[in-house]
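Enquirer: See target.tsv below, with TSV, C-alpha atoms and all ligand atoms.
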chain	number	residue	atom	x	y	z
U	228	MET	CA	22.98	-9.09	46.83
U	229	THR	CA	23.00	-7.99	43.19
U	230	GLU	CA	23.59	-4.47	41.94
U	231	THR	CA	20.26	-4.39	40.15
U	232	LEU	CA	18.18	-4.29	43.31
U	233	VAL	CA	16.07	-1.18	43.80
U	234	SER	CA	14.06	-0.76	46.97
U	235	ILE	CA	11.21	1.64	47.69
U	236	SER	CA	9.79	2.78	51.01
U	237	LYS	CA	6.73	4.97	51.13
U	238	CYS	CA	7.13	8.20	53.10
U	239	ASN	CA	4.85	11.21	52.80
U	240	SER	CA	6.43	13.54	55.32
U	241	TYR	CA	9.80	15.02	56.23
U	242	ASP	CA	9.23	14.21	59.90
U	243	LEU	CA	12.64	12.94	61.04
U	244	GLU	CA	11.37	9.74	62.64
U	245	LEU	CA	9.35	8.76	59.54
U	246	VAL	CA	12.22	9.57	57.19
U	247	GLN	CA	14.69	7.68	59.37
U	248	ASN	CA	12.47	4.58	59.24
U	249	ALA	CA	11.98	4.85	55.48
U	250	VAL	CA	15.72	5.27	54.84
U	251	LYS	CA	16.56	2.32	57.09
U	252	ASN	CA	13.89	0.10	55.53
U	253	SER	CA	15.09	0.93	52.01
U	254	VAL	CA	18.72	0.22	52.82
U	255	ASP	CA	17.89	-2.94	54.81
U	256	ALA	CA	15.93	-4.26	51.82
U	257	ILE	CA	19.06	-4.21	49.65
U	258	GLY	CA	21.31	-5.85	52.24
U	259	GLY	CA	21.71	-3.26	55.00
U	260	LEU	CA	24.30	-0.52	55.35
U	261	SER	CA	26.96	-2.95	56.57
U	262	SER	CA	26.98	-4.40	53.02
U	263	PHE	CA	28.34	-1.07	51.80
U	264	VAL	CA	30.17	0.48	54.77
U	265	LYS	CA	32.66	-0.99	57.27
U	266	PRO	CA	33.42	0.33	60.77
U	267	GLY	CA	36.02	3.09	60.55
U	268	ASP	CA	35.29	3.92	56.89
U	269	LYS	CA	35.34	7.59	55.90
U	270	VAL	CA	31.95	8.03	54.22
U	271	LEU	CA	31.21	11.00	51.98
U	272	ILE	CA	27.50	11.81	51.89
U	273	LYS	CA	26.82	13.71	48.66
U	274	PRO	CA	23.47	15.57	48.65
U	275	ASN	CA	22.11	17.89	45.97
U	276	MET	CA	22.93	21.45	47.12
U	277	LEU	CA	22.30	23.24	43.82
U	278	GLN	CA	21.42	26.61	45.32
U	279	ALA	CA	21.08	28.39	48.66
U	280	LYS	CA	17.38	27.54	48.90
U	281	THR	CA	15.23	26.38	51.78
U	282	PRO	CA	14.22	22.70	52.00
U	283	GLU	CA	10.59	23.65	51.31
U	284	GLU	CA	11.50	24.86	47.83
U	285	ALA	CA	12.31	21.26	46.83
U	286	ILE	CA	15.50	22.17	44.97
U	287	THR	CA	17.97	20.56	47.39
U	288	THR	CA	18.11	17.23	49.22
U	289	HIS	CA	16.04	17.61	52.38
U	290	PRO	CA	18.13	17.85	55.59
U	291	THR	CA	16.11	15.13	57.36
U	292	VAL	CA	17.19	12.66	54.65
U	293	ILE	CA	20.80	13.70	55.21
U	294	GLU	CA	20.42	13.40	58.99
U	295	SER	CA	18.89	9.93	58.66
U	296	VAL	CA	21.83	8.74	56.58
U	297	ILE	CA	24.36	10.30	58.98
U	298	ASN	CA	22.70	8.37	61.82
U	299	LEU	CA	22.86	5.09	59.88
U	300	VAL	CA	26.53	5.62	59.05
U	301	LYS	CA	27.34	6.29	62.70
U	302	ASP	CA	25.39	3.19	63.75
U	303	VAL	CA	27.83	1.00	61.81
U	304	GLY	CA	30.82	2.73	63.40
U	305	ALA	CA	31.88	4.68	60.30
U	306	ILE	CA	32.74	8.38	59.98
U	307	PRO	CA	30.27	10.49	57.97
U	308	MET	CA	31.05	13.78	56.24
U	309	VAL	CA	28.85	15.87	53.96
U	310	GLY	CA	29.97	17.73	50.83
U	311	ASP	CA	28.72	19.22	47.57
U	312	SER	CA	29.51	22.12	45.26
U	313	PRO	CA	26.63	24.40	44.23
U	314	GLY	CA	25.68	25.12	40.62
U	315	GLY	CA	27.24	28.55	40.08
U	316	PRO	CA	29.49	31.07	41.81
U	317	ALA	CA	29.78	29.72	45.36
U	318	ARG	CA	31.10	32.61	47.37
U	319	GLY	CA	30.15	32.31	51.03
U	320	MET	CA	29.57	28.59	51.27
U	321	GLU	CA	28.26	29.01	54.84
U	322	ARG	CA	25.16	30.70	53.40
U	323	PHE	CA	24.42	27.64	51.23
U	324	TRP	CA	24.87	25.29	54.19
U	325	LYS	CA	22.74	27.47	56.44
U	326	VAL	CA	19.80	28.12	54.10
U	327	THR	CA	19.56	24.50	52.93
U	328	GLY	CA	19.45	23.27	56.55
U	329	MET	CA	22.66	21.26	56.16
U	330	LEU	CA	24.65	23.36	58.65
U	331	ASP	CA	22.09	22.77	61.39
U	332	VAL	CA	22.07	18.99	60.80
U	333	CYS	CA	25.85	18.71	60.69
U	334	GLU	CA	26.32	20.83	63.82
U	335	ARG	CA	23.79	18.78	65.78
U	336	THR	CA	25.23	15.45	64.66
U	337	LYS	CA	28.86	16.69	64.89
U	338	THR	CA	29.48	15.82	61.25
U	339	SER	CA	32.10	17.56	59.08
U	340	LEU	CA	30.85	19.73	56.24
U	341	ILE	CA	33.38	19.72	53.41
U	342	ASN	CA	33.87	22.77	51.23
U	343	PHE	CA	34.76	21.36	47.79
U	344	GLU	CA	35.74	24.84	46.61
U	345	LYS	CA	38.66	24.82	49.06
U	346	SER	CA	39.57	21.15	49.31
U	347	GLY	CA	41.75	20.94	46.19
U	348	VAL	CA	41.18	18.79	43.11
U	349	TYR	CA	42.57	15.75	41.35
U	350	GLU	CA	42.82	15.99	37.60
U	351	MET	CA	41.28	12.81	36.21
U	352	GLU	CA	40.93	11.57	32.64
U	353	ARG	CA	38.21	9.55	30.92
U	354	LYS	CA	37.79	8.94	27.20
U	355	GLY	CA	40.45	11.56	26.47
U	356	ARG	CA	38.68	14.25	28.51
U	357	LEU	CA	40.14	15.83	31.66
U	358	TYR	CA	38.10	16.65	34.73
U	359	HIS	CA	38.69	18.37	38.06
U	360	ILE	CA	37.24	16.28	40.90
U	361	ALA	CA	37.24	17.50	44.52
U	362	LYS	CA	39.86	15.57	46.50
U	363	PRO	CA	37.58	14.35	49.35
U	364	VAL	CA	35.44	12.53	46.77
U	365	ILE	CA	38.39	10.39	45.74
U	366	ASP	CA	40.07	10.15	49.14
U	367	CYS	CA	37.03	8.81	51.04
U	368	ASP	CA	36.35	5.08	51.44
U	369	VAL	CA	32.68	5.11	50.46
U	370	ILE	CA	30.37	7.58	48.67
U	371	ILE	CA	26.69	7.63	49.54
U	372	ASN	CA	24.86	9.64	46.89
U	373	LEU	CA	21.71	11.48	48.07
U	374	PRO	CA	20.01	12.93	44.97
U	375	LYS	CA	16.54	14.37	44.67
U	376	ILE	CA	14.07	13.45	41.91
U	377	LYS	CA	13.88	16.46	39.58
U	378	THR	CA	13.36	17.34	35.94
U	379	HIS	CA	16.11	19.25	34.11
U	380	GLY	CA	15.66	21.65	31.18
U	381	LEU	CA	18.83	20.47	29.41
U	382	THR	CA	19.30	16.86	30.50
U	383	THR	CA	15.54	16.12	30.96
U	384	PHE	CA	16.10	14.38	34.31
U	385	THR	CA	18.46	14.72	37.24
U	386	CYS	CA	18.83	12.10	39.94
U	387	ALA	CA	21.59	9.63	40.86
U	388	VAL	CA	23.91	9.90	37.82
U	389	LYS	CA	23.63	13.67	37.30
U	390	ASN	CA	23.98	14.38	41.03
U	391	MET	CA	27.64	13.37	40.85
U	392	TYR	CA	28.28	16.38	38.59
U	393	GLY	CA	28.45	18.40	41.83
U	394	VAL	CA	31.83	16.85	42.70
U	395	VAL	CA	33.37	19.34	40.25
U	396	PRO	CA	34.14	22.48	42.25
U	397	GLY	CA	33.16	26.01	41.29
U	398	LEU	CA	32.73	27.47	37.84
U	399	ARG	CA	34.58	24.59	36.20
U	400	LYS	CA	31.08	23.05	35.95
U	401	THR	CA	29.88	25.83	33.67
U	402	GLU	CA	33.04	25.51	31.57
U	403	TYR	CA	32.12	21.90	30.85
U	404	HIS	CA	28.73	23.15	29.63
U	405	LYS	CA	30.59	25.39	27.19
U	406	MET	CA	32.65	22.46	25.91
U	407	ALA	CA	29.51	20.38	25.30
U	408	PRO	CA	26.58	22.52	24.12
U	409	LYS	CA	24.44	19.65	22.72
U	410	PRO	CA	22.48	17.67	25.33
U	411	SER	CA	24.00	14.34	24.30
U	412	ASP	CA	27.56	15.74	24.38
U	413	PHE	CA	26.93	17.20	27.81
U	414	ALA	CA	25.45	13.90	28.99
U	415	GLU	CA	28.70	12.18	27.89
U	416	MET	CA	30.55	14.43	30.33
U	417	VAL	CA	28.01	13.84	33.09
U	418	VAL	CA	28.48	10.10	32.60
U	419	ASP	CA	32.28	10.48	32.60
U	420	ILE	CA	32.17	12.23	35.96
U	421	PHE	CA	29.78	9.63	37.31
U	422	ALA	CA	32.05	6.80	36.09
U	423	LEU	CA	35.11	8.42	37.69
U	424	THR	CA	33.41	8.69	41.08
U	425	LYS	CA	30.83	5.87	41.02
U	426	PRO	CA	29.01	5.98	44.37
U	427	GLN	CA	28.64	2.66	46.17
U	428	LEU	CA	25.15	3.45	47.47
U	429	ASN	CA	22.36	5.80	46.38
U	430	ILE	CA	19.50	6.90	48.61
U	431	VAL	CA	16.97	9.07	46.78
U	432	ASP	CA	14.91	11.87	48.30
U	433	GLY	CA	11.66	11.27	46.43
U	434	ILE	CA	9.31	12.50	49.16
U	435	ILE	CA	8.81	15.80	47.36
U	436	GLY	CA	10.54	16.04	43.98
U	437	MET	CA	10.27	18.66	41.27
U	438	ASP	CA	8.49	18.53	37.91
U	439	GLY	CA	8.03	21.08	35.12
U	440	SER	CA	10.96	23.47	34.64
U	441	GLY	CA	13.46	21.78	36.94
U	442	PRO	CA	16.00	21.65	38.38
U	443	SER	CA	15.20	24.91	40.17
U	444	ALA	CA	12.30	26.73	38.50
U	445	GLY	CA	9.81	23.86	38.46
U	446	ASN	CA	7.04	22.86	40.82
U	447	PRO	CA	7.49	20.86	44.02
U	448	LYS	CA	5.83	17.51	43.32
U	449	GLU	CA	4.70	15.08	46.00
U	450	ILE	CA	5.88	11.58	45.16
U	451	GLY	CA	6.10	10.07	48.64
U	452	VAL	CA	9.05	7.68	48.41
U	453	ILE	CA	12.60	7.01	49.54
U	454	LEU	CA	14.50	4.69	47.20
U	455	ALA	CA	17.82	2.90	47.59
U	456	SER	CA	20.12	0.99	45.26
U	457	GLY	CA	23.77	0.22	44.67
U	458	ASP	CA	23.16	0.78	40.96
U	459	SER	CA	22.69	4.49	40.11
U	460	VAL	CA	21.78	3.81	36.47
U	461	ALA	CA	19.12	1.24	37.39
U	462	LEU	CA	17.69	3.66	39.91
U	463	ASP	CA	17.44	6.54	37.41
U	464	CYS	CA	15.97	4.31	34.69
U	465	PHE	CA	13.44	2.80	37.04
U	466	ILE	CA	12.28	6.20	38.36
U	467	CYS	CA	11.91	7.60	34.82
U	468	HIS	CA	9.88	4.54	33.85
U	469	CYS	CA	7.58	4.95	36.88
U	470	LEU	CA	7.04	8.63	36.08
U	471	GLY	CA	6.02	7.93	32.50
U	472	LYS	CA	9.27	8.59	30.63
U	473	ASP	CA	11.06	6.08	28.42
U	474	PRO	CA	14.39	5.79	30.32
U	475	MET	CA	16.38	5.65	27.07
U	476	LYS	CA	15.02	9.07	26.05
U	477	VAL	CA	17.15	10.56	28.86
U	478	PRO	CA	20.66	10.94	27.38
U	479	SER	CA	22.59	10.16	30.59
U	480	ASN	CA	20.57	6.94	31.11
U	481	ARG	CA	21.16	5.80	27.53
U	482	ILE	CA	24.88	6.60	27.50
U	483	ALA	CA	25.54	5.04	30.93
U	484	GLN	CA	23.65	1.90	29.88
U	485	GLU	CA	25.54	1.69	26.57
U	486	GLN	CA	28.83	2.00	28.45
U	487	GLY	CA	27.88	-0.86	30.79
U	488	LEU	CA	27.85	1.34	33.89
U	489	GLY	CA	24.60	-0.05	35.26
U	490	GLU	CA	21.36	-1.76	34.39
U	491	GLY	CA	19.10	0.29	32.11
U	492	VAL	CA	16.60	-2.40	31.19
U	493	VAL	CA	13.74	-1.98	33.62
U	494	GLU	CA	12.66	-5.62	33.21
U	495	ASN	CA	16.06	-6.72	34.57
U	496	ILE	CA	15.74	-4.65	37.76
U	497	HIS	CA	14.50	-6.47	40.83
U	498	VAL	CA	12.21	-4.06	42.65
U	499	ILE	CA	11.40	-4.38	46.35
U	500	GLY	CA	8.40	-2.28	47.35
U	501	GLU	CA	5.94	-0.33	45.29
U	502	PHE	CA	6.25	2.99	43.50
U	503	PRO	CA	3.02	5.00	43.80
U	504	VAL	CA	0.95	5.56	40.66
U	505	ILE	CA	1.70	9.08	39.43
U	506	ASP	CA	0.20	9.91	36.05
U	507	ASP	CA	0.49	13.70	36.05
U	508	PHE	CA	4.25	14.20	36.39
U	509	LYS	CA	5.17	17.09	34.09
U	510	TRP	CA	8.32	16.50	32.06
U	511	PRO	CA	10.08	19.44	30.40
U	512	PRO	CA	9.78	19.78	26.59
U	513	ASN	CA	11.92	17.23	24.80
U	514	MET	CA	14.58	19.79	23.87
U	515	ALA	CA	17.30	17.15	23.88
U	516	GLY	CA	15.53	14.93	21.37
U	517	THR	CA	14.42	17.80	19.18
U	518	MET	CA	17.89	19.38	19.02
U	519	GLU	CA	19.55	16.08	18.16
U	520	LEU	CA	17.14	15.59	15.22
U	521	ILE	CA	18.39	18.63	13.35
U	522	PRO	CA	21.65	18.30	11.38
U	523	SER	CA	24.24	20.82	12.55
U	524	SER	CA	24.71	22.13	8.99
U	525	ILE	CA	21.14	23.41	8.69
U	526	ALA	CA	20.57	24.12	12.36
U	527	ARG	CA	22.24	27.51	12.14
U	528	GLY	CA	19.90	28.80	9.43
U	529	LEU	CA	16.81	27.27	11.00
U	530	MET	CA	17.69	28.73	14.37
U	531	LYS	CA	16.44	32.10	13.11
U	532	LEU	CA	12.91	30.68	13.04
U	533	TRP	CA	13.24	27.67	15.31
U	534	TRP	CA	14.46	28.52	18.71
U	535	SER	CA	14.07	27.79	22.36
U	536	ARG	CA	16.11	30.13	24.48
U	537	PRO	CA	16.27	31.71	27.90
U	538	SER	CA	14.50	34.96	28.50
U	539	ILE	CA	13.99	37.19	31.54
U	540	ASP	CA	10.70	38.32	33.00
U	541	PRO	CA	11.33	42.03	33.74
U	542	ASP	CA	8.51	42.10	36.31
U	543	ILE	CA	10.31	39.53	38.48
U	544	CYS	CA	13.99	40.29	37.84
U	545	THR	CA	15.78	42.22	40.61
U	546	ASN	CA	18.86	42.81	38.42
U	547	CYS	CA	21.08	40.95	40.91
U	548	ASN	CA	23.31	39.72	38.04
U	549	THR	CA	23.70	36.16	39.39
U	550	CYS	CA	22.76	34.93	35.91
U	551	VAL	CA	25.46	37.12	34.32
U	552	LYS	CA	28.13	35.59	36.60
U	553	SER	CA	26.82	32.06	35.93
U	554	CYS	CA	26.97	32.22	32.13
U	555	PRO	CA	29.92	30.12	30.90
U	556	VAL	CA	30.22	31.93	27.56
U	557	ASP	CA	29.50	35.56	28.53
U	558	ALA	CA	26.23	35.51	26.61
U	559	LEU	CA	24.57	37.65	29.26
U	560	ILE	CA	25.70	41.19	29.88
U	561	LYS	CA	24.89	43.60	32.68
U	562	ASN	CA	22.28	46.16	31.74
U	563	ASN	CA	19.44	48.22	33.15
U	564	PRO	CA	16.76	47.42	34.16
U	565	ILE	CA	17.62	43.75	33.40
U	566	PRO	CA	20.61	41.85	31.92
U	567	GLU	CA	20.71	41.48	28.16
U	568	PHE	CA	21.22	38.25	26.18
U	569	GLU	CA	23.72	37.94	23.34
U	570	TYR	CA	21.82	35.08	21.72
U	571	GLY	CA	24.51	34.57	19.08
U	572	GLU	CA	26.84	33.44	21.88
U	573	CYS	CA	24.28	31.48	23.94
U	574	ILE	CA	24.80	27.70	24.07
U	575	ASN	CA	21.41	27.05	25.72
U	576	CYS	CA	22.95	25.40	28.78
U	577	LEU	CA	20.24	27.03	30.96
U	578	CYS	CA	22.70	27.72	33.78
U	579	CYS	CA	21.13	31.19	34.03
U	580	MET	CA	17.71	29.63	34.58
U	581	GLU	CA	19.20	27.21	37.07
U	582	MET	CA	20.91	29.93	39.09
U	583	CYS	CA	18.35	32.76	39.09
U	584	PRO	CA	17.22	33.14	42.72
U	585	GLU	CA	13.95	34.79	41.66
U	586	LYS	CA	12.85	32.28	38.99
U	587	ALA	CA	12.84	35.23	36.58
U	588	VAL	CA	14.56	33.29	33.76
U	589	PHE	CA	12.23	31.15	31.68
U	590	GLU	CA	12.45	29.10	28.51
U	591	ASP	CA	11.02	31.13	25.64
U	592	LYS	CA	10.01	29.32	22.42
U	593	SER	CA	9.35	30.43	18.85
U	594	ARG	CA	6.10	29.50	17.08
U	595	LEU	CA	7.99	27.05	14.83
U	596	TYR	CA	9.57	25.41	17.86
U	597	LYS	CA	6.17	24.92	19.50
U	598	LEU	CA	4.78	23.49	16.25
U	599	ILE	CA	7.67	21.00	15.79
U	600	SER	CA	7.54	20.04	19.46
U	601	ARG	CA	3.90	19.07	19.05
U	602	PHE	CA	4.92	16.39	16.54
U	603	THR	CA	8.21	15.31	18.10
U	604	LYS	CA	7.51	15.43	21.78
U	605	SER	CA	7.49	12.25	23.75
U	606	ASP	CA	6.85	13.83	27.11
I	1	LIG	S1	17.30	37.19	35.82
I	1	LIG	FE1	17.47	36.41	37.91
I	1	LIG	S2	19.64	36.13	38.25
I	1	LIG	FE2	19.43	37.43	36.44
I	1	LIG	S3	19.54	39.50	37.24
I	1	LIG	FE3	17.39	38.96	37.15
I	1	LIG	S4	16.92	38.15	39.18
I	1	LIG	FE4	19.15	38.16	39.01
I	2	LIG	S1	22.68	32.89	28.46
I	2	LIG	FE1	22.00	31.30	29.88
I	2	LIG	S2	21.51	29.56	28.56
I	2	LIG	FE2	22.75	30.99	27.34
I	2	LIG	S3	24.82	30.25	27.59
I	2	LIG	FE3	24.50	31.81	29.15
I	2	LIG	S4	23.85	30.69	30.98
I	2	LIG	FE4	23.64	29.30	29.22
Once more with this new file: its structure as structure tokens, please.

Expert:
Amino acid sequence: MTETLVSISKCNSYDLELVQNAVKNSVDAIGGLSSFVKPGDKVLIKPNMLQAKTPEEAITTHPTVIESVINLVKDVGAIPMVGDSPGGPARGMERFWKVTGMLDVCERTKTSLINFEKSGVYEMERKGRLYHIAKPVIDCDVIINLPKIKTHGLTTFTCAVKNMYGVVPGLRKTEYHKMAPKPSDFAEMVVDIFALTKPQLNIVDGIIGMDGSGPSAGNPKEIGVILASGDSVALDCFICHCLGKDPMKVPSNRIAQEQGLGEGVVENIHVIGEFPVIDDFKWPPNMAGTMELIPSSIARGLMKLWWSRPSIDPDICTNCNTCVKSCPVDALIKNNPIPEFEYGECINCLCCMEMCPEKAVFEDKSRLYKLISRFTKSD
């Protein structure tokens, strides 16, 4: 078995039996679960639990995918546990587990749900940068990563590599955004965290993904696949390629490939199965590429005319202030009838958009931005 194998099983429904078969077929095609997990191993299953949202909203890894993987892990005599840290303030973790369907699955299968916010952290260093990583992520024997295929306003794409960002507990995640406001700088940190935790196996929920304004305000998008690979970078690059995006235009793909963390050349990936033809996947505007094109020295002056920034739709906003609590740089302040932006402080991390439960935060763009995007976009 080589690490550049990627397998695909078609699956158009979240019916447990169909998902179980698709997950098993995908994993069998790359050598079977016993190639990755031994009897008695403690196996951390790491889904995407970004927000307390129902499975139908396509923001989180579907519980039937999690249940299928739990069953496979038990079949080889290993011990599964499930853990993730949501995207913003995570008070009342039970609510996240309940709404996403993970509590129900774990109760029925008698699987431990791990609260990363309370499990303690290891301080780990990479390339001179320090990170807090939840202890169970490091203490387990095997990590099985269960991302969902989604677009991302800041990083363009989120799947296997970016999903490991959730091993950082609590608001520390938003602090890292503050330290790295440019998309490529932030992607360096995403890749660091991935490299420090490198999952042995990835099983992707691609039955219904999300396009448009992901990772939480986009549109559920039927793709109809479960994918598996031991190589997270190959998996992400291959999926981008199949959905019409040059993999190297996604900063985390490019940086991980440059650092030798996985195979980024699609021609070198051995694919088992067939990805469906999807020619209408909507990628977010190429903010990353456009921002990197402008020298920092003139960016400040241009920003007066050239901007893309979060804004709030007053007709949808309930003034719950989740966005205010999520902002890593206090660029949002409480106000009536809706919170107010301090755009001079905003680092465009889009955490507020990510965390708004009403989808009231949207990406607003100036005329100049729209004009430049027309010539620079590659989406
Ligand atoms: S924009 Fe969203 S998160 Fe912010 S106050 Fe309004 S509803 Fe709440
Ligand atoms: S206002 Fe929103 S986009 Fe700006 S820094 Fe705060 S959370 Fe990030």

Enquirer: How many Å lie between CA of Glu294 in chain U and CA of Ser479 in chain U, rounded to one decimal?

Expert: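 So the two atoms, CA of Glu294 in chain U and CA of Ser479 in chain U, lie 28.7 Å apart.
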
Enquirer: Which residues form the shell of 9 Å around ligand LIG 2 (chain I) when you count all atoms listed in the file, given as a ChimeraX atom specification?

Expert: /U:401,404-405,408,536-538,550-560,567-570,572-582,588

Enquirer: Pick the closest to ligand LIG 1 (chain I) from U:Ile482, U:Ile297, U:Val417, U:Ala444: which is it, counting all atoms listed in the file?

Expert: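 Of U:Ile482, U:Ile297, U:Val417, U:Ala444, the one nearest ligand LIG 1 (chain I) is U:Ala444, counting all atoms listed in the file.
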
Enquirer: Using only C-alpha atoms, find each residue of range 282-306 of chain U with at least one atom at most 8 Å away from an atom of range 264-274 of chain U; report its shortest atom-to-atom pair and that distance in Å (one decimal), sort the rows by chain and rising residue number, and return the result as a tab-separated table.

Expert:
residue	atom	partner	partner_atom	distance
U:Thr287	CA	U:Pro274	CA	7.5
U:Thr288	CA	U:Pro274	CA	5.6
U:Ile293	CA	U:Pro274	CA	7.3
U:Val296	CA	U:Ile272	CA	8.0
U:Ile297	CA	U:Ile272	CA	7.9
U:Val300	CA	U:Val264	CA	7.6
U:Val303	CA	U:Pro266	CA	5.7
U:Gly304	CA	U:Pro266	CA	4.4
U:Ala305	CA	U:Gly267	CA	4.4
U:Ile306	CA	U:Lys269	CA	4.9

Enquirer: Which distance in Å separates CA of Val431 in chain U and CA of Tyr358 in chain U, to one decimal?

Expert: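 Interatomic distance here is 25.5 Å.
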
Enquirer: Would you mind reading off the distance between CA of Glu284 in chain U and CA of Gly328 in chain U, one decimal, in Å?

Expert: 11.9 Å

Enquirer: Pick out the residues sitting within 7 Å of range 459-475 of chain U, and hand them over as a PyMOL selection string; count all atoms listed in the file, and ignore anything fewer than 2 positions along from it in its own chain.

Expert: chain U and resi 231+233+386-388+429+456-457+477-478+480-481+483+489-491+493+496+505-506+508+606

Enquirer: Smallest atom-to-atom distance to Lys509 in chain U: which of U:Ala414, U:Val250, U:Met437, U:Leu381, using only C-alpha atoms?

Expert: U:Met437

Enquirer: Need the axis-aligned box for ligand LIG 1 (chain I) with 8 Å each side, so what are the centre and edges in Å to one decimal, as AutoDock Vina command-line options?

Expert:
--center_x 18.3 --center_y 37.8 --center_z 37.5 --size_x 18.7 --size_y 19.4 --size_z 19.4
